[in-house]
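K.L.:
Handing over structure31.cif, mmCIF, N, CA and C atoms.
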data_my_file
loop_
_atom_site.label_atom_id
_atom_site.label_comp_id
_atom_site.auth_asym_id
_atom_site.auth_seq_id
_atom_site.Cartn_x
_atom_site.Cartn_y
_atom_site.Cartn_z
N MET A 1 0.86 -1.17 0.00
CA MET A 1 0.00 0.00 0.00
C MET A 1 0.90 1.24 0.00
N SER A 2 0.69 2.12 -0.95
CA SER A 2 1.53 3.31 -1.07
C SER A 2 1.13 4.36 -0.03
N LYS A 3 1.99 5.36 0.12
CA LYS A 3 1.68 6.43 1.09
C LYS A 3 0.43 7.20 0.67
N PHE A 4 0.18 7.30 -0.64
CA PHE A 4 -1.01 8.00 -1.10
C PHE A 4 -2.27 7.19 -0.78
N ASP A 5 -2.19 5.87 -0.93
CA ASP A 5 -3.33 5.01 -0.57
C ASP A 5 -3.64 5.12 0.91
N LYS A 6 -2.61 5.15 1.74
CA LYS A 6 -2.81 5.27 3.19
C LYS A 6 -3.44 6.62 3.53
N LEU A 7 -2.98 7.68 2.85
CA LEU A 7 -3.53 9.01 3.11
C LEU A 7 -4.99 9.10 2.66
N ILE A 8 -5.31 8.53 1.50
CA ILE A 8 -6.70 8.51 1.04
C ILE A 8 -7.58 7.76 2.03
N GLU A 9 -7.09 6.63 2.53
CA GLU A 9 -7.84 5.86 3.51
C GLU A 9 -8.07 6.67 4.78
N LYS A 10 -7.03 7.40 5.23
CA LYS A 10 -7.15 8.24 6.43
C LYS A 10 -8.16 9.37 6.21
N ILE A 11 -8.16 9.95 5.02
CA ILE A 11 -9.10 11.03 4.71
C ILE A 11 -10.53 10.47 4.64
N LEU A 12 -10.68 9.33 4.00
CA LEU A 12 -12.02 8.77 3.81
C LEU A 12 -12.65 8.27 5.10
N ASN A 13 -11.83 7.81 6.07
CA ASN A 13 -12.44 7.34 7.32
C ASN A 13 -12.95 8.50 8.16
N GLY A 14 -12.41 9.71 7.98
CA GLY A 14 -12.97 10.92 8.57
C GLY A 14 -12.75 11.13 10.05
N TYR A 15 -11.93 10.30 10.67
CA TYR A 15 -11.72 10.44 12.11
C TYR A 15 -10.62 11.42 12.48
N SER A 16 -9.77 11.77 11.55
CA SER A 16 -8.63 12.63 11.90
C SER A 16 -8.48 13.79 10.93
N ASP A 17 -9.57 14.47 10.63
CA ASP A 17 -9.53 15.58 9.68
C ASP A 17 -8.58 16.69 10.12
N SER A 18 -8.48 16.92 11.41
CA SER A 18 -7.63 18.02 11.89
C SER A 18 -6.18 17.57 12.08
N ASN A 19 -5.87 16.33 11.72
CA ASN A 19 -4.52 15.82 11.91
C ASN A 19 -3.89 15.36 10.59
N ILE A 20 -4.27 15.99 9.49
CA ILE A 20 -3.72 15.67 8.17
C ILE A 20 -2.66 16.73 7.84
N SER A 21 -1.50 16.27 7.43
CA SER A 21 -0.43 17.18 7.06
C SER A 21 -0.81 17.98 5.82
N PHE A 22 -0.60 19.29 5.87
CA PHE A 22 -0.92 20.15 4.73
C PHE A 22 -0.07 19.77 3.51
N PHE A 23 1.22 19.56 3.74
CA PHE A 23 2.13 19.21 2.65
C PHE A 23 1.71 17.88 2.00
N ALA A 24 1.35 16.89 2.83
CA ALA A 24 0.93 15.59 2.30
C ALA A 24 -0.36 15.71 1.49
N LEU A 25 -1.28 16.55 1.96
CA LEU A 25 -2.54 16.75 1.23
C LEU A 25 -2.27 17.40 -0.13
N CYS A 26 -1.38 18.37 -0.17
CA CYS A 26 -1.02 19.00 -1.45
C CYS A 26 -0.37 17.99 -2.39
N GLN A 27 0.52 17.15 -1.86
CA GLN A 27 1.16 16.12 -2.67
C GLN A 27 0.13 15.15 -3.23
N LEU A 28 -0.84 14.77 -2.40
CA LEU A 28 -1.88 13.84 -2.83
C LEU A 28 -2.68 14.43 -3.99
N LEU A 29 -3.07 15.68 -3.86
CA LEU A 29 -3.87 16.30 -4.94
C LEU A 29 -3.07 16.39 -6.23
N CYS A 30 -1.79 16.70 -6.14
CA CYS A 30 -0.93 16.72 -7.34
C CYS A 30 -0.83 15.32 -7.92
N HIS A 31 -0.72 14.32 -7.06
CA HIS A 31 -0.64 12.92 -7.51
C HIS A 31 -1.94 12.50 -8.22
N LEU A 32 -3.05 13.06 -7.80
CA LEU A 32 -4.35 12.73 -8.41
C LEU A 32 -4.60 13.51 -9.70
N GLY A 33 -3.65 14.34 -10.11
CA GLY A 33 -3.76 15.03 -11.38
C GLY A 33 -4.23 16.47 -11.30
N PHE A 34 -4.31 17.02 -10.11
CA PHE A 34 -4.69 18.42 -9.96
C PHE A 34 -3.50 19.32 -10.25
N GLU A 35 -3.80 20.47 -10.81
CA GLU A 35 -2.77 21.49 -11.03
C GLU A 35 -2.82 22.47 -9.86
N GLU A 36 -1.66 22.83 -9.36
CA GLU A 36 -1.58 23.71 -8.20
C GLU A 36 -1.05 25.07 -8.62
N ARG A 37 -1.71 26.10 -8.12
CA ARG A 37 -1.13 27.43 -8.24
C ARG A 37 -1.21 28.07 -6.86
N ILE A 38 -0.21 28.86 -6.56
CA ILE A 38 -0.07 29.42 -5.22
C ILE A 38 -0.17 30.93 -5.31
N LYS A 39 -1.03 31.49 -4.45
CA LYS A 39 -1.18 32.93 -4.37
C LYS A 39 -1.17 33.29 -2.89
N GLY A 40 -0.02 33.72 -2.41
CA GLY A 40 0.15 33.98 -0.99
C GLY A 40 0.15 32.67 -0.23
N SER A 41 -0.73 32.56 0.76
CA SER A 41 -0.81 31.30 1.51
C SER A 41 -1.86 30.36 0.93
N HIS A 42 -2.55 30.79 -0.12
CA HIS A 42 -3.60 29.98 -0.73
C HIS A 42 -2.99 29.05 -1.79
N HIS A 43 -3.29 27.80 -1.67
CA HIS A 43 -2.90 26.80 -2.67
C HIS A 43 -4.18 26.38 -3.37
N ILE A 44 -4.28 26.71 -4.64
CA ILE A 44 -5.51 26.51 -5.40
C ILE A 44 -5.30 25.34 -6.35
N PHE A 45 -6.18 24.33 -6.23
CA PHE A 45 -6.05 23.11 -7.03
C PHE A 45 -7.23 23.01 -7.99
N THR A 46 -6.91 22.78 -9.26
CA THR A 46 -7.93 22.60 -10.28
C THR A 46 -7.58 21.37 -11.11
N ARG A 47 -8.60 20.82 -11.72
CA ARG A 47 -8.41 19.69 -12.63
C ARG A 47 -9.47 19.83 -13.72
N TYR A 48 -9.10 19.53 -14.95
CA TYR A 48 -9.96 19.79 -16.09
C TYR A 48 -11.33 19.10 -16.01
N ASP A 49 -11.40 17.93 -15.38
CA ASP A 49 -12.66 17.19 -15.34
C ASP A 49 -13.36 17.27 -13.98
N VAL A 50 -12.92 18.18 -13.13
CA VAL A 50 -13.53 18.37 -11.82
C VAL A 50 -14.09 19.80 -11.75
N VAL A 51 -15.36 19.91 -11.42
CA VAL A 51 -16.02 21.21 -11.38
C VAL A 51 -15.52 22.05 -10.21
N GLU A 52 -15.35 21.41 -9.05
CA GLU A 52 -14.95 22.11 -7.84
C GLU A 52 -13.52 22.62 -7.92
N ILE A 53 -13.29 23.76 -7.31
CA ILE A 53 -11.95 24.32 -7.15
C ILE A 53 -11.61 24.20 -5.67
N LEU A 54 -10.48 23.58 -5.37
CA LEU A 54 -10.07 23.38 -3.98
C LEU A 54 -9.07 24.47 -3.60
N ASN A 55 -9.44 25.27 -2.63
CA ASN A 55 -8.60 26.36 -2.16
C ASN A 55 -8.16 26.00 -0.74
N LEU A 56 -6.88 25.64 -0.58
CA LEU A 56 -6.37 25.17 0.71
C LEU A 56 -5.41 26.17 1.31
N GLN A 57 -5.45 26.26 2.63
CA GLN A 57 -4.51 27.10 3.37
C GLN A 57 -4.00 26.28 4.55
N PRO A 58 -2.73 26.43 4.90
CA PRO A 58 -2.22 25.69 6.06
C PRO A 58 -2.64 26.36 7.37
N LYS A 59 -2.77 25.54 8.38
CA LYS A 59 -2.95 26.02 9.76
C LYS A 59 -1.79 25.41 10.52
N ASN A 60 -0.73 26.20 10.71
CA ASN A 60 0.57 25.70 11.15
C ASN A 60 1.05 24.72 10.09
N SER A 61 1.29 23.46 10.42
CA SER A 61 1.73 22.51 9.39
C SER A 61 0.62 21.54 9.00
N LYS A 62 -0.57 21.76 9.51
CA LYS A 62 -1.71 20.87 9.24
C LYS A 62 -2.69 21.53 8.28
N ALA A 63 -3.49 20.70 7.64
CA ALA A 63 -4.57 21.20 6.80
C ALA A 63 -5.77 21.51 7.70
N LYS A 64 -6.57 22.46 7.30
CA LYS A 64 -7.77 22.80 8.07
C LYS A 64 -8.80 21.69 7.89
N ALA A 65 -9.50 21.37 8.97
CA ALA A 65 -10.42 20.23 8.97
C ALA A 65 -11.52 20.37 7.92
N TYR A 66 -12.08 21.56 7.77
CA TYR A 66 -13.17 21.72 6.80
C TYR A 66 -12.66 21.57 5.37
N GLN A 67 -11.39 21.89 5.14
CA GLN A 67 -10.82 21.72 3.81
C GLN A 67 -10.55 20.25 3.51
N VAL A 68 -10.16 19.48 4.53
CA VAL A 68 -10.00 18.04 4.37
C VAL A 68 -11.35 17.42 4.01
N LYS A 69 -12.41 17.92 4.64
CA LYS A 69 -13.76 17.44 4.33
C LYS A 69 -14.12 17.73 2.87
N GLN A 70 -13.75 18.91 2.38
CA GLN A 70 -14.00 19.25 0.97
C GLN A 70 -13.25 18.30 0.04
N VAL A 71 -12.00 18.00 0.38
CA VAL A 71 -11.20 17.06 -0.42
C VAL A 71 -11.85 15.68 -0.40
N ARG A 72 -12.33 15.24 0.78
CA ARG A 72 -13.00 13.94 0.89
C ARG A 72 -14.23 13.89 -0.02
N GLU A 73 -15.01 14.96 -0.04
CA GLU A 73 -16.21 14.99 -0.88
C GLU A 73 -15.85 14.88 -2.37
N VAL A 74 -14.76 15.54 -2.78
CA VAL A 74 -14.32 15.46 -4.18
C VAL A 74 -13.82 14.05 -4.49
N ILE A 75 -13.06 13.45 -3.57
CA ILE A 75 -12.55 12.08 -3.79
C ILE A 75 -13.72 11.11 -3.96
N LEU A 76 -14.73 11.24 -3.12
CA LEU A 76 -15.89 10.35 -3.20
C LEU A 76 -16.73 10.61 -4.46
N LYS A 77 -16.95 11.87 -4.77
CA LYS A 77 -17.79 12.22 -5.93
C LYS A 77 -17.18 11.73 -7.24
N TYR A 78 -15.86 11.87 -7.37
CA TYR A 78 -15.20 11.52 -8.64
C TYR A 78 -14.49 10.17 -8.59
N HIS A 79 -14.68 9.43 -7.50
CA HIS A 79 -14.15 8.06 -7.37
C HIS A 79 -12.62 8.01 -7.51
N PHE A 80 -11.93 8.95 -6.88
CA PHE A 80 -10.46 8.95 -6.93
C PHE A 80 -9.86 7.91 -6.00
N GLY A 81 -10.61 7.39 -5.05
CA GLY A 81 -10.07 6.44 -4.09
C GLY A 81 -10.09 5.01 -4.59
N ASP A 82 -10.62 4.77 -5.78
CA ASP A 82 -10.73 3.39 -6.30
C ASP A 82 -9.41 2.85 -6.76
#
Now, as a test, write the supplied structure out as structure tokens.
P.N.:
Amino acid sequence: MSKFDKLIEKILNGYSDSNISFFALCQLLCHLGFEERIKGSHHIFTRYDVVEILNLQPKNSKAKAYQVKQVREVILKYHFGD
């Protein structure tokens, strides 16, 4: 099981939304084919076949819990965890 598979599993189980590394979440989205652009502290992720735009900001070195929830919803909606 790769580190990305483990991270997807951790995101999908939903028990540790406030304990996801911001850097790891950004790496995962890039691995899933999202393009990243950075404007200040905002990391904006887009993908040609995904309607939603993911706008992430770090909280210290962790991702914000509500943003992890948004990523989880996109993973489930577009079946990225399969």
K.L.:
Output as a PyMOL selection string all residues of stretch 29-67 of chain A that backbone DSSP marks as helix (DSSP H, G or I).
P.N.:
chain A and resi 29-31+65-67
K.L.:
Using only C-alpha atoms, which of the listed residues (A:Val51, A:Phe23, A:Asn13, A:Ile8) sits closest to A:Tyr78?
P.N.:
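Using only C-alpha atoms, A:Tyr78 sits closest to A:Val51.
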K.L.:
Extract, using only C-alpha atoms, all DNA, RNA and protein residues at most 12 Å from A:Lys3, discarding same-chain residues fewer than 4 positions from it, and format them as a list in words.
P.N.:
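My reading of the contact set: Leu7, Ile8, Glu9, Lys10, Ala24, Leu25, Gln27, Leu28 and His31 of chain A.
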K.L.:
From a backbone DSSP assignment, name each residue in chain A labelled strand (DSSP E or B), as a ChimeraX atom specification.
P.N.:
/A:21,35-39,42-47,50-56,58-59,62-63
K.L.:
For the provided coordinates, the residues matched by the PyMOL selection byres (((chain A and resi 82 and name CA) around 12) and name CA) should be stated as a VMD selection string.
P.N.:
chain A and resid 4 to 5 8 to 9 12 32 75 to 81
K.L.:
How close does stretch 17-51 of chain A get to stretch 62-70 of chain A? List, as a Markdown table, each residue of stretch 17-51 of chain A within 7 Å, its nearest atom pair and the distance in Å to one decimal, counting all atoms listed in the file.
P.N.:
| residue | atom | partner | partner_atom | distance |
| --- | --- | --- | --- | --- |
| A:Asp17 | C | A:Ala65 | CA | 4.2 |
| A:Ser18 | N | A:Ala65 | CA | 4.5 |
| A:Asn19 | C | A:Lys62 | CA | 6.1 |
| A:Ile20 | C | A:Ala63 | N | 4.1 |
| A:Ser21 | C | A:Ala63 | N | 4.2 |
| A:Phe22 | N | A:Ala63 | N | 3.7 |
| A:Phe23 | N | A:Ala63 | N | 6.2 |
K.L.:
Might you spell out which residues the PyMOL selection byres (((chain A and resi 44 and name CA) around 9) and name CA) would select in the displayed file, as a PDB file with N, CA and C atoms, in the coordinates of the input?
P.N.:
ATOM      1  N   GLU A  35      -3.800  20.470 -10.810  1.00  0.00           N
ATOM      2  CA  GLU A  35      -2.770  21.490 -11.030  1.00  0.00           C
ATOM      3  C   GLU A  35      -2.820  22.470  -9.860  1.00  0.00           C
ATOM      4  N   GLU A  36      -1.660  22.830  -9.360  1.00  0.00           N
ATOM      5  CA  GLU A  36      -1.580  23.710  -8.200  1.00  0.00           C
ATOM      6  C   GLU A  36      -1.050  25.070  -8.620  1.00  0.00           C
ATOM      7  N   ARG A  37      -1.710  26.100  -8.120  1.00  0.00           N
ATOM      8  CA  ARG A  37      -1.130  27.430  -8.240  1.00  0.00           C
ATOM      9  C   ARG A  37      -1.210  28.070  -6.860  1.00  0.00           C
ATOM     10  N   ILE A  38      -0.210  28.860  -6.560  1.00  0.00           N
ATOM     11  CA  ILE A  38      -0.070  29.420  -5.220  1.00  0.00           C
ATOM     12  C   ILE A  38      -0.170  30.930  -5.310  1.00  0.00           C
ATOM     13  N   LYS A  39      -1.030  31.490  -4.450  1.00  0.00           N
ATOM     14  CA  LYS A  39      -1.180  32.930  -4.370  1.00  0.00           C
ATOM     15  C   LYS A  39      -1.170  33.290  -2.890  1.00  0.00           C
ATOM     16  N   HIS A  42      -2.550  30.790  -0.120  1.00  0.00           N
ATOM     17  CA  HIS A  42      -3.600  29.980  -0.730  1.00  0.00           C
ATOM     18  C   HIS A  42      -2.990  29.050  -1.790  1.00  0.00           C
ATOM     19  N   HIS A  43      -3.290  27.800  -1.670  1.00  0.00           N
ATOM     20  CA  HIS A  43      -2.900  26.800  -2.670  1.00  0.00           C
ATOM     21  C   HIS A  43      -4.180  26.380  -3.370  1.00  0.00           C
ATOM     22  N   PHE A  45      -6.180  24.330  -6.230  1.00  0.00           N
ATOM     23  CA  PHE A  45      -6.050  23.110  -7.030  1.00  0.00           C
ATOM     24  C   PHE A  45      -7.230  23.010  -7.990  1.00  0.00           C
ATOM     25  N   THR A  46      -6.910  22.780  -9.260  1.00  0.00           N
ATOM     26  CA  THR A  46      -7.930  22.600 -10.280  1.00  0.00           C
ATOM     27  C   THR A  46      -7.580  21.370 -11.110  1.00  0.00           C
ATOM     28  N   ILE A  53     -13.290  23.760  -7.310  1.00  0.00           N
ATOM     29  CA  ILE A  53     -11.950  24.320  -7.150  1.00  0.00           C
ATOM     30  C   ILE A  53     -11.610  24.200  -5.670  1.00  0.00           C
ATOM     31  N   LEU A  54     -10.480  23.580  -5.370  1.00  0.00           N
ATOM     32  CA  LEU A  54     -10.070  23.380  -3.980  1.00  0.00           C
ATOM     33  C   LEU A  54      -9.070  24.470  -3.600  1.00  0.00           C
ATOM     34  N   ASN A  55      -9.440  25.270  -2.630  1.00  0.00           N
ATOM     35  CA  ASN A  55      -8.600  26.360  -2.160  1.00  0.00           C
ATOM     36  C   ASN A  55      -8.160  26.000  -0.740  1.00  0.00           C
ATOM     37  N   LEU A  56      -6.880  25.640  -0.580  1.00  0.00           N
ATOM     38  CA  LEU A  56      -6.370  25.170   0.710  1.00  0.00           C
ATOM     39  C   LEU A  56      -5.410  26.170   1.310  1.00  0.00           C
ATOM     40  N   GLN A  57      -5.450  26.260   2.630  1.00  0.00           N
ATOM     41  CA  GLN A  57      -4.510  27.100   3.370  1.00  0.00           C
ATOM     42  C   GLN A  57      -4.000  26.280   4.550  1.00  0.00           C
TER      43      GLN A  57
END
K.L.:
Mind giving me the axis-aligned box for stretch 67-72 of chain A with 4 Å on every side, centre plus edges in Å to one decimal, as JSON?
P.N.:
{"center_x": -12.1, "center_y": 17.9, "center_z": 2.4, "size_x": 12.2, "size_y": 16.0, "size_z": 13.6}
K.L.:
Please complete stretch 52-65 of chain A so it has N, CA, C and O atoms, and hand it over as an mmCIF file, in the frame of the given file.
P.N.:
data_model
loop_
_atom_site.group_PDB
_atom_site.id
_atom_site.type_symbol
_atom_site.label_atom_id
_atom_site.label_comp_id
_atom_site.auth_asym_id
_atom_site.auth_seq_id
_atom_site.Cartn_x
_atom_site.Cartn_y
_atom_site.Cartn_z
ATOM 1 N N GLU A 52 -15.350 21.410 -9.050
ATOM 2 C CA GLU A 52 -14.950 22.110 -7.840
ATOM 3 C C GLU A 52 -13.520 22.620 -7.920
ATOM 4 O O GLU A 52 -12.651 21.993 -8.530
ATOM 5 N N ILE A 53 -13.290 23.760 -7.310
ATOM 6 C CA ILE A 53 -11.950 24.320 -7.150
ATOM 7 C C ILE A 53 -11.610 24.200 -5.670
ATOM 8 O O ILE A 53 -12.376 24.640 -4.815
ATOM 9 N N LEU A 54 -10.480 23.580 -5.370
ATOM 10 C CA LEU A 54 -10.070 23.380 -3.980
ATOM 11 C C LEU A 54 -9.070 24.470 -3.600
ATOM 12 O O LEU A 54 -8.005 24.576 -4.205
ATOM 13 N N ASN A 55 -9.440 25.270 -2.630
ATOM 14 C CA ASN A 55 -8.600 26.360 -2.160
ATOM 15 C C ASN A 55 -8.160 26.000 -0.740
ATOM 16 O O ASN A 55 -8.964 26.018 0.188
ATOM 17 N N LEU A 56 -6.880 25.640 -0.580
ATOM 18 C CA LEU A 56 -6.370 25.170 0.710
ATOM 19 C C LEU A 56 -5.410 26.170 1.310
ATOM 20 O O LEU A 56 -4.652 26.819 0.594
ATOM 21 N N GLN A 57 -5.450 26.260 2.630
ATOM 22 C CA GLN A 57 -4.510 27.100 3.370
ATOM 23 C C GLN A 57 -4.000 26.280 4.550
ATOM 24 O O GLN A 57 -4.777 25.561 5.180
ATOM 25 N N PRO A 58 -2.730 26.430 4.900
ATOM 26 C CA PRO A 58 -2.220 25.690 6.060
ATOM 27 C C PRO A 58 -2.640 26.360 7.370
ATOM 28 O O PRO A 58 -2.850 27.568 7.430
ATOM 29 N N LYS A 59 -2.770 25.540 8.380
ATOM 30 C CA LYS A 59 -2.950 26.020 9.760
ATOM 31 C C LYS A 59 -1.790 25.410 10.520
ATOM 32 O O LYS A 59 -1.837 24.230 10.882
ATOM 33 N N ASN A 60 -0.730 26.200 10.710
ATOM 34 C CA ASN A 60 0.570 25.700 11.150
ATOM 35 C C ASN A 60 1.050 24.720 10.090
ATOM 36 O O ASN A 60 1.162 25.094 8.938
ATOM 37 N N SER A 61 1.290 23.460 10.420
ATOM 38 C CA SER A 61 1.730 22.510 9.390
ATOM 39 C C SER A 61 0.620 21.540 9.000
ATOM 40 O O SER A 61 0.853 20.623 8.220
ATOM 41 N N LYS A 62 -0.570 21.760 9.510
ATOM 42 C CA LYS A 62 -1.710 20.870 9.240
ATOM 43 C C LYS A 62 -2.690 21.530 8.280
ATOM 44 O O LYS A 62 -2.730 22.746 8.141
ATOM 45 N N ALA A 63 -3.490 20.700 7.640
ATOM 46 C CA ALA A 63 -4.570 21.200 6.800
ATOM 47 C C ALA A 63 -5.770 21.510 7.700
ATOM 48 O O ALA A 63 -5.951 20.882 8.740
ATOM 49 N N LYS A 64 -6.570 22.460 7.300
ATOM 50 C CA LYS A 64 -7.770 22.800 8.070
ATOM 51 C C LYS A 64 -8.800 21.690 7.890
ATOM 52 O O LYS A 64 -8.959 21.139 6.796
ATOM 53 N N ALA A 65 -9.500 21.370 8.970
ATOM 54 C CA ALA A 65 -10.420 20.230 8.970
ATOM 55 C C ALA A 65 -11.520 20.370 7.920
ATOM 56 O O ALA A 65 -11.854 19.406 7.230
#
